[in-house]
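Colleague: Before I ask anything, let me first share the structure, which is written out below as structure tokens.
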Amino acid sequence: MIDLSINLGKGLILDNPILTASGTFGYGDEIAEVVDVNCFGGIVTKSLSLEPRIGNPPPRIVETAAGMINSIGLANIGLDAFLKEKVPYLRELKSRVFVNIAARSEEEFCDVIKVLDREKWIAGYEINVSCPNVKEGGIAFGTNPNVLRRLTRKLRESTDRFLIIKLSPNVTDIARMAEIVQECNADAVSMINTLYGAAIDIQTRKPKINTVIGGLSGPAIKPVALAHIIKARKVIDIPIIGIGGISAGADVIEFMLAGATAVQLGTVNFFNPGAIYEILDFIEHYMDQHRLKSLNEIIGQAQV
Amino acid sequence: MIDLSINLGKGLILDNPILTASGTFGYGDEIAEVVDVNCFGGIVTKSLSLEPRIGNPPPRIVETAAGMINSIGLANIGLDAFLKEKVPYLRELKSRVFVNIAARSEEEFCDVIKVLDREKWIAGYEINVSCPNVKEGGIAFGTNPNVLRRLTRKLRESTDRFLIIKLSPNVTDIARMAEIVQECNADAVSMINTLYGAAIDIQTRKPKINTVIGGLSGPAIKPVALAHIIKARKVIDIPIIGIGGISAGADVIEFMLAGATAVQLGTVNFFNPGAIYEILDFIEHYMDQHRLKSLNEIIGQAQV
Amino acid sequence: MKCVATAIIRSNQKVADGIFLASLEAPEIAGQCLPGQFINIYFPETTKIFPRPFSIAGASDSRIKLLYKVIGSQTTLMSGWSAGQKIKILGPLGNIFDIQEQHYRDFILLGGGVGAAPLMFLRDELVKKGIKPYFFIGAKTKAELPVVEDSASHLILTTDDGSVGLKGNVVEHFLRMAENYKTPTQVSVCGPDMMMKVLKDISLPQNMDVFVSLEKTMACGLGLCQGCVVETTSGKYNGHYALVCKDGPVFNIKDVKFND
Amino acid sequence: MKCVATAIIRSNQKVADGIFLASLEAPEIAGQCLPGQFINIYFPETTKIFPRPFSIAGASDSRIKLLYKVIGSQTTLMSGWSAGQKIKILGPLGNIFDIQEQHYRDFILLGGGVGAAPLMFLRDELVKKGIKPYFFIGAKTKAELPVVEDSASHLILTTDDGSVGLKGNVVEHFLRMAENYKTPTQVSVCGPDMMMKVLKDISLPQNMDVFVSLEKTMACGLGLCQGCVVETTSGKYNGHYALVCKDGPVFNIKDVKFND
Ligand SMILES: Cc1cc2nc3c(=O)[nH]c(=O)nc-3n(C[C@H](O)[C@H](O)[C@H](O)COP(=O)(O)OP(=O)(O)OC[C@H]3O[C@@H](n4cnc5c(N)ncnc54)[C@H](O)[C@@H]3O)c2cc1C
Ligand SMILES: Cc1cc2nc3c(=O)[nH]c(=O)nc-3n(C[C@H](O)[C@H](O)[C@H](O)COP(=O)(O)OP(=O)(O)OC[C@H]3O[C@@H](n4cnc5c(N)ncnc54)[C@H](O)[C@@H]3O)c2cc1C
Ligand SMILES: Cc1cc2nc3c(=O)[nH]c(=O)nc-3n(C[C@H](O)[C@H](O)[C@H](O)COP(=O)(O)O)c2cc1C
Ligand SMILES: Cc1cc2nc3c(=O)[nH]c(=O)nc-3n(C[C@H](O)[C@H](O)[C@H](O)COP(=O)(O)O)c2cc1C
Ligand code: FES
Ligand code: FES
């Protein structure tokens, strides 16, 4: 048996480095018939907020070249329904479960964490800092160094659990953001969230996404994710969880060589729901071929 | 005859809104056998610097999903050779010629402009602010608001010619950058230059691009370009020249609806050298179908 | 249980202008399909990443029938399918046209163009239950009318230009014959948005329940992406958004809000 | 004059393990082609945007021959080409193997695997001029050897395992026969980088000029993107970068710097 496990630090070991990306896998239950959810090293749930949110009006998604734009608007069932309806399923999974949290204020983040901290089975939190901060005039938490610092500090004070800050790529200096997260003692960064993207219908002149500008994801953004990870890896040493356009096993190796300790599958879940099987096969084959005993041997080993 | 002309202001009218993007069309002469260069409303030449530059070592290009990364390193023949070897061809073109300038310091920009100002046939300059500013520790001119302001002011003082600032998309707040350019009385902005991107060879562990991180272009980035243009259009009223992933006539209309007065074809020149013909046909057909007398009727008309 | 499977194209024939009928061998999926459900078709190595959803137009233990119209890049690729070729599909997806034969006394199928697809399957199931439905299929012209023979139902063809069947709009003819239907009547509809909007806006004969199969751009087809929402009025979804891929594609027309 | 043209596939046959020989009808381009030049092949609607460059392996007034090996996605697409299919190509591109029959007294063609492609065309031109070249083609095994019959040249086949022709490396055998060549000798080479590097590093017999056809990833093939540079030593390019698509693909081996 090839050992695919990776160590995220703080005693957190995943059976393999493949997680699901928030918002692209629901709560794992919708897809359970099609894919064995326990094949994933970890599951990251759809962004959860204190209250349920119905999300944005349609149209919410559009296909672009090798990618897609979405503007779901963080539609989610809210904390209460999550506890009642999803926890029974999630807590029984072999995969480690990370709850992704989105909020409009620091307080809302902390309120959600306070409740979730009681659920001992949760492996960690991933904080979606790409959502607008209402107190700062709606700009995203993750795009202003000071706002990001204050939030991360506060979150760190409020919980001992494994804390991942999910960085937005829509910034001038991603390395600075990663540094701040590390300075504030978060346990890992995950990157990248979606890029800003837009599309317009040339017949109706209407935007193809209700909010005009949405989030671009999919294979198209893979090079951007890699560039950001390489920059961040140079300045931080907490684990990086790589996200962005991964669709095949070779992509996973590429992200790990660039500096990611684990990765998340996002848009690929839509266009190849069984990708996880192909990816795990590929990685085993690659490890065999390159005589790797552990995936640790490749993390950050690109000659960059 | 359908009128495709557009007015960039300051008396500058192009026969049609399609220009070439710097660095993807050489100086027009290499491709002249294959495409009638005069079909373009304008030609933007490869970034020109004071001295010749041999550019970066190979590998310089790599294919990515619906895009490519390049790290040519602004290889160019330098001002003297440009004047001697390229001017005789360029000055005879019917298309308006814009000279794209890249430099490592404000002074170098001004020095190039001083010489080019003598060439009366040049329609305007496009300033590549994505190149590193050696005085500011190598960060790109276009990523720091103050550096961008100082440069644009200086350039504006140094020439009366049509001045286009070509914005970098790798910033947190593109609208702010566009505003600065307008405040400093440049005549137009062009956007976007390439996004940061990287790729790694999983067999050799070497980056697929010599400089590790290069510039991502092609259809993959079209949604990002559109999002940036929509944001800029909200805050400036000087013309925007749209660039990024355009490969078909429908894309041109989409960019114009989003707020672009003209557009540039970049990477498409590589994968469809005759794209200009298909694009002009499409636009004529579209204008006919939508009973447009002038393309002015669609600029910025998306309901965003 | 829905699953990803490799399907083998067994036939793929043009049946009208730009309209094809394909038969896919996919025993893992075929046997479970019910009318109203759909499958996702995956396409390798194209810049278009979304799978494409298609209604199941008929199913046996091992085969699935599709009736599709060529309208863009992926349906063009499909029109080039040749027998023996293998494709990847996921299904069966979505809810069903629930035949409530205890409750309803007459069954109407109302298809606009290629919207006939899910209704063909529904017709098959009704016939199996010994029911002979009215099957209206409308198109602009004879050339665009997808299906022309059917003895198991009261088939009523309509074309806008009268080139075959009754002249005029399919909804119009369906209403004109309303007196003939025994009540309560179950009406199952699939067609262009416009056709459904008309049905929503007019006042329908009494004791008639209308179920529509909706189409929205889908990324996953599984309820993962939350991309395929439709606005609902009140009814079952309390005016919240419903997912066409998971809560639908079949909805009671009363619950759906159609936008302009 | 180079141009974009629609080519019609006339034949496309497997000639060895994973190696195909195709004939394309493209009169706008075919008539102008010279040995050493290549064409770009464009592929619609894939995520791979670069055209793919292929050496011209032969040309008549109206047709172009290609010899290609299936190594990735686009060559896999090519292997599925069927007669009558239309594709888009650009050519002829690049410089040529310049036959200097006044200067040289013997001509050697040295092909590694599918590297034989441009040399087949060069052989045809030499033969037209009444010259009978030595044509070495090497491969790992018989199954991978692209061409097996040729009466117009002194054909020497080599395989690493000796399954056909001489056993051993093609460069080795070419050197072993060096005494037979009249001098000055013109050697034209196309093959894997490794093979050319070996040729660069060994000391060659006197009075022998070696010209190599290089391969680099290309985006445009026209000198627009500056992506396909090769480092040169001194020589014609003064140690500057040269563009493989425009200054090449054929270079004097002396001018080229091979990296590890
Ligand atoms: C539940 C459902 C069942 C369907 N059943 C049938 C059927 O039985 N027969 C039939 O001919 N068509 C059916 N369609 C429509 C079919 O999916 C589209 O015609 C097809 O996706 C077009 O793909 P294209 O690449 O050829 O066109 P494109 O050029 O990509 O798109 C043209 C139009 O097709 C629609 N479309 C594109 N992508 C998607 C997507 N991922 N999801 C949904 N719609 C999309 C959009 O309206 C788009 O504007 C169904 C759609 C849905 C949602
Ligand atoms: C001037 C020239 C002439 C050539 N002549 C022949 C020939 O006659 N017969 C033949 O079999 N092959 C020839 N090649 C190589 C051929 O271009 C590649 O095998 C082909 O591009 C592979 O495409 P793919 O999509 O199947 O492989 P991919 O999986 O995309 O790539 C596999 C490898 O092919 C090469 N390659 C990919 N894209 C390009 C590109 N845009 N430009 C150049 N190389 C690329 C790279 O080395 C890459 O690692 C030539 C290359 C050049 C530059
Ligand atoms: C439809 C959709 C919904 C998403 N929802 C969320 C979300 O709720 N929270 C979040 O942090 N990221 C969300 N994301 C971003 C993804 O988790 C991921 O960061 C991004 O899609 C890039 O990865 P990919 O290219 O592999 O998809 C969403 C992405 C998509 C496509
Ligand atoms: C190979 C290559 C070279 C480029 N060189 C330059 C350059 O010299 N100066 C410049 O301002 N932009 C340069 N660019 C950026 C393009 O002009 C354009 O902004 C970018 O490619 C996005 O447009 P596209 O997606 O249509 O290619 C280059 C792009 C490519 C692909
Ligand atoms: S298509 Fe993804 S939720 Fe319906
Ligand atoms: S491939 Fe573009 S310059 Fe050679």
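Chain labels A, B, ... are given in the sequence in which chains occur in the structure tokens; within each chain residues are numbered consecutively from 1, and ligands are likewise numbered from 1 in the order shown.
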Env of C:Arg52: 8 Å cut, atoms = only C-alpha atoms, seq-sep filter 5 positions within chain, self excluded. Answer as a compact mmCIF listing (two decimals) with N, CA, C and O atoms, in the first residue's frame.
Modeller:
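File produced: result_7.txt:
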```
# COMPACT_ATOMS: atom_id res chain seq x y z
N ASN C 40 -26.52 13.77 -17.75
CA ASN C 40 -25.45 14.70 -18.13
C ASN C 40 -24.54 14.01 -19.13
O ASN C 40 -24.19 12.84 -18.94
N ILE C 41 -24.15 14.75 -20.15
CA ILE C 41 -23.17 14.21 -21.10
C ILE C 41 -21.88 14.99 -20.94
O ILE C 41 -21.89 16.23 -20.89
N TYR C 42 -20.76 14.26 -20.82
CA TYR C 42 -19.45 14.90 -20.63
C TYR C 42 -18.67 14.87 -21.94
O TYR C 42 -18.73 13.89 -22.68
N GLN C 74 -21.51 21.85 -28.48
CA GLN C 74 -21.51 20.47 -27.98
C GLN C 74 -22.58 19.63 -28.69
O GLN C 74 -22.35 18.45 -28.96
N MET C 218 -26.77 24.45 -16.38
CA MET C 218 -26.35 23.64 -15.25
C MET C 218 -24.84 23.41 -15.29
O MET C 218 -24.28 23.19 -16.35
```
Colleague: So that I can see what lies close to A:Gln303, please list as a list in words the residues with an atom at most 12 Å from it, counting only C-alpha atoms and leaving out residues fewer than 6 positions away in the same chain.
Modeller: Ile230, Glu254, Leu257, Ala258 and Gly259 of chain A; Ala199, Ile200, Asp201, Ile202, Gln203, Thr204, Arg205, Lys206, Pro207, Lys208, Ile209, Asn210, Thr211 and Val212 of chain B
Colleague: Limited to N, CA and C atoms, could you put the picked residues into a file as a tab-separated table (two decimals), in the first residue's frame?
Modeller:
```tsv
chain	number	residue	atom	x	y	z
A	230	ILE	N	3.48	29.96	-5.34
A	230	ILE	CA	4.94	30.09	-5.37
A	230	ILE	C	5.38	31.35	-4.61
A	254	GLU	N	1.83	19.07	-9.47
A	254	GLU	CA	2.34	20.40	-9.82
A	254	GLU	C	2.13	21.36	-8.64
A	257	LEU	N	4.55	20.38	-5.79
A	257	LEU	CA	5.92	20.83	-6.10
A	257	LEU	C	6.05	22.34	-5.88
A	258	ALA	N	4.99	23.07	-6.22
A	258	ALA	CA	5.02	24.53	-6.07
A	258	ALA	C	4.96	24.95	-4.60
A	259	GLY	N	4.58	24.04	-3.72
A	259	GLY	CA	4.59	24.40	-2.32
A	259	GLY	C	3.34	24.06	-1.54
B	199	ALA	N	3.75	27.56	-14.22
B	199	ALA	CA	3.52	26.14	-14.52
B	199	ALA	C	4.81	25.40	-14.23
B	200	ILE	N	4.67	24.17	-13.76
B	200	ILE	CA	5.85	23.39	-13.37
B	200	ILE	C	5.82	22.03	-14.04
B	201	ASP	N	6.97	21.62	-14.52
B	201	ASP	CA	7.11	20.31	-15.15
B	201	ASP	C	7.22	19.26	-14.05
B	202	ILE	N	6.27	18.34	-14.00
B	202	ILE	CA	6.27	17.42	-12.87
B	202	ILE	C	7.32	16.32	-13.02
B	203	GLN	N	7.89	16.17	-14.19
B	203	GLN	CA	8.96	15.18	-14.35
B	203	GLN	C	10.31	15.76	-13.92
B	204	THR	N	10.61	16.96	-14.42
B	204	THR	CA	11.93	17.55	-14.12
B	204	THR	C	11.89	18.45	-12.89
B	205	ARG	N	10.69	18.78	-12.42
B	205	ARG	CA	10.51	19.71	-11.29
B	205	ARG	C	10.96	21.13	-11.62
B	206	LYS	N	11.24	21.37	-12.89
B	206	LYS	CA	11.65	22.72	-13.28
B	206	LYS	C	10.43	23.54	-13.66
B	207	PRO	N	10.51	24.85	-13.43
B	207	PRO	CA	9.42	25.70	-13.94
B	207	PRO	C	9.40	25.62	-15.46
B	208	LYS	N	8.22	25.73	-16.04
B	208	LYS	CA	8.11	25.65	-17.50
B	208	LYS	C	8.43	26.99	-18.15
B	209	ILE	N	8.67	27.98	-17.31
B	209	ILE	CA	9.01	29.33	-17.77
B	209	ILE	C	10.28	29.72	-17.00
B	210	ASN	N	11.26	30.21	-17.74
B	210	ASN	CA	12.56	30.53	-17.14
B	210	ASN	C	12.49	31.41	-15.90
B	211	THR	N	11.58	32.38	-15.92
B	211	THR	CA	11.51	33.31	-14.80
B	211	THR	C	10.55	32.82	-13.71
B	212	VAL	N	10.16	31.57	-13.79
B	212	VAL	CA	9.22	30.92	-12.89
B	212	VAL	C	7.80	31.48	-13.07
```
Colleague: Would you list the residues that come within 6 Å of ligand 4? Count only C-alpha atoms and all ligand atoms and give the answer as a list in words.
Modeller: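 Residues satisfying the distance criterion: Ala21, Ser22, Gly23, Thr24, Lys46, Ser47, Asn70, Leu74, Asn128, Ile192, Asn193, Thr194, Ser217, Gly218, Ile243, Gly244, Gly245, Ile246, Leu265, Gly266 and Thr267 of chain B; Cys225 of chain D.
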Colleague: Hey, what's within 9 Å of C:Glu215 if we count only C-alpha atoms and toss same-chain stuff fewer than 6 positions away? As a VMD selection string, please?
Modeller: chain C and resid 53 192 to 193 228 244 to 245 249
Colleague: Please extract the residues at most 10 Å from ligand 6, counting only C-alpha atoms and all ligand atoms, and provide them as an MDAnalysis selection string, using the chain letters and residue numbers of this document.
Modeller: (chainID B and resid 24:26 30 61 270) or (chainID D and resid 50:51 53 94 216:230 242:249)
Colleague: Using only C-alpha atoms, tabulate the residues of chain C lying at most 7 Å from any atom of chain D, each with its closest atom pair and that distance in Å to one decimal, by chain and increasing residue number, as a Markdown table.
Modeller:
```
| residue | atom | partner | partner_atom | distance |
| --- | --- | --- | --- | --- |
| C:Glu45 | CA | D:Thr46 | CA | 5.8 |
| C:Thr46 | CA | D:Thr46 | CA | 4.5 |
| C:Thr47 | CA | D:Thr47 | CA | 4.9 |
```
Colleague: For the residues in that selection, give me N, CA and C atoms as a PDB file, in the first residue's frame.
Modeller:
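again00.pdb, freshly written:
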```
ATOM      1  N   GLU C  45     -11.738  17.393 -23.326  1.00  0.00           N
ATOM      2  CA  GLU C  45     -10.805  18.295 -24.013  1.00  0.00           C
ATOM      3  C   GLU C  45     -11.420  19.425 -24.816  1.00  0.00           C
ATOM      4  N   THR C  46     -12.504  20.022 -24.334  1.00  0.00           N
ATOM      5  CA  THR C  46     -12.968  21.200 -25.045  1.00  0.00           C
ATOM      6  C   THR C  46     -12.871  22.375 -24.091  1.00  0.00           C
ATOM      7  N   THR C  47     -12.969  23.569 -24.644  1.00  0.00           N
ATOM      8  CA  THR C  47     -12.911  24.741 -23.782  1.00  0.00           C
ATOM      9  C   THR C  47     -14.226  24.923 -23.030  1.00  0.00           C
TER      10      THR C  47
END
```
Colleague: Closest to ligand 1 among A:Pro59, A:Gly249, A:Gly242, A:Gly73, using only C-alpha atoms and all ligand atoms?
Modeller: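 Smallest separation from ligand 1 among the options: A:Pro59.
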Colleague: Could you list the residues in chain B lying within 8 Å of chain D, using only C-alpha atoms, and format the result as a PyMOL selection string?
Modeller: chain B and resi 23-26+30-31+33-34+54+57-68+70+72+75+269-274
Colleague: Dump C-alpha atoms for the selected residues as a JSON list (two decimals), in the first residue's frame?
Modeller:
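To be explicit, this is the file written out as part08.json:
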```json
[["chain", "number", "residue", "atom", "x", "y", "z"],
["B", 23, "GLY", "CA", 4.27, 41.73, -28.38],
["B", 24, "THR", "CA", 1.91, 39.53, -30.32],
["B", 25, "PHE", "CA", 2.27, 41.01, -33.78],
["B", 26, "GLY", "CA", 5.93, 41.95, -33.96],
["B", 30, "GLU", "CA", 6.67, 39.46, -40.04],
["B", 31, "ILE", "CA", 3.02, 38.66, -40.61],
["B", 33, "GLU", "CA", 2.46, 37.92, -46.04],
["B", 34, "VAL", "CA", -0.26, 36.17, -44.11],
["B", 54, "ILE", "CA", 17.92, 40.15, -25.85],
["B", 57, "PRO", "CA", 16.49, 32.70, -21.65],
["B", 58, "PRO", "CA", 14.28, 29.85, -22.83],
["B", 59, "PRO", "CA", 11.83, 28.37, -22.06],
["B", 60, "ARG", "CA", 9.80, 31.49, -22.70],
["B", 61, "ILE", "CA", 6.34, 30.19, -23.50],
["B", 62, "VAL", "CA", 4.07, 27.42, -22.36],
["B", 63, "GLU", "CA", 0.55, 26.45, -23.23],
["B", 64, "THR", "CA", -2.06, 26.38, -20.45],
["B", 65, "ALA", "CA", -5.78, 25.61, -20.52],
["B", 66, "ALA", "CA", -7.23, 28.01, -23.10],
["B", 67, "GLY", "CA", -4.24, 30.25, -22.60],
["B", 68, "MET", "CA", -0.49, 30.57, -22.44],
["B", 70, "ASN", "CA", 5.02, 34.01, -21.63],
["B", 72, "ILE", "CA", 9.79, 37.03, -23.28],
["B", 75, "ALA", "CA", 13.14, 41.30, -26.01],
["B", 269, "ASN", "CA", -2.72, 36.14, -33.53],
["B", 270, "PHE", "CA", -0.86, 32.96, -32.68],
["B", 271, "PHE", "CA", -3.68, 30.47, -32.86],
["B", 272, "ASN", "CA", -5.74, 32.11, -35.58],
["B", 273, "PRO", "CA", -3.64, 34.50, -37.65],
["B", 274, "GLY", "CA", -6.58, 35.41, -39.90]]
```
Colleague: Pick from D:Thr233, D:Asn259, D:Leu166, D:Leu21: nearest to ligand 2, with only C-alpha atoms and all ligand atoms counted?
Modeller: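 So, comparing all the options, the nearest one is D:Leu21.
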Colleague: Using only C-alpha atoms, which protein or nucleic acid residues come within 10 Å of stretch 87-97 of chain A? Drop anything in the same chain fewer than 3 positions from it, and give the result as a ChimeraX atom specification.
Modeller: /A:12-16,18-20,27-29,37-45,81-84,100,119-125
Colleague: With only C-alpha atoms as the counted atoms, please give the residues lying no more than 12 Å from A:Ile299, apart from itself and same-chain residues fewer than 3 positions off, as a PyMOL selection string.
Modeller: (chain A and resi 6-8+17+229-230+233+237+239-242+252-263+292+294-296+302-303) or (chain B and resi 202+205)
Colleague: Which neighbours of D:Lys197 fall inside 9 Å, counting only C-alpha atoms, when residues of the same chain fewer than 2 positions from it are skipped, and could you give them as number ranges by chain?
Modeller: D: 192-195, 199-202, 257-260
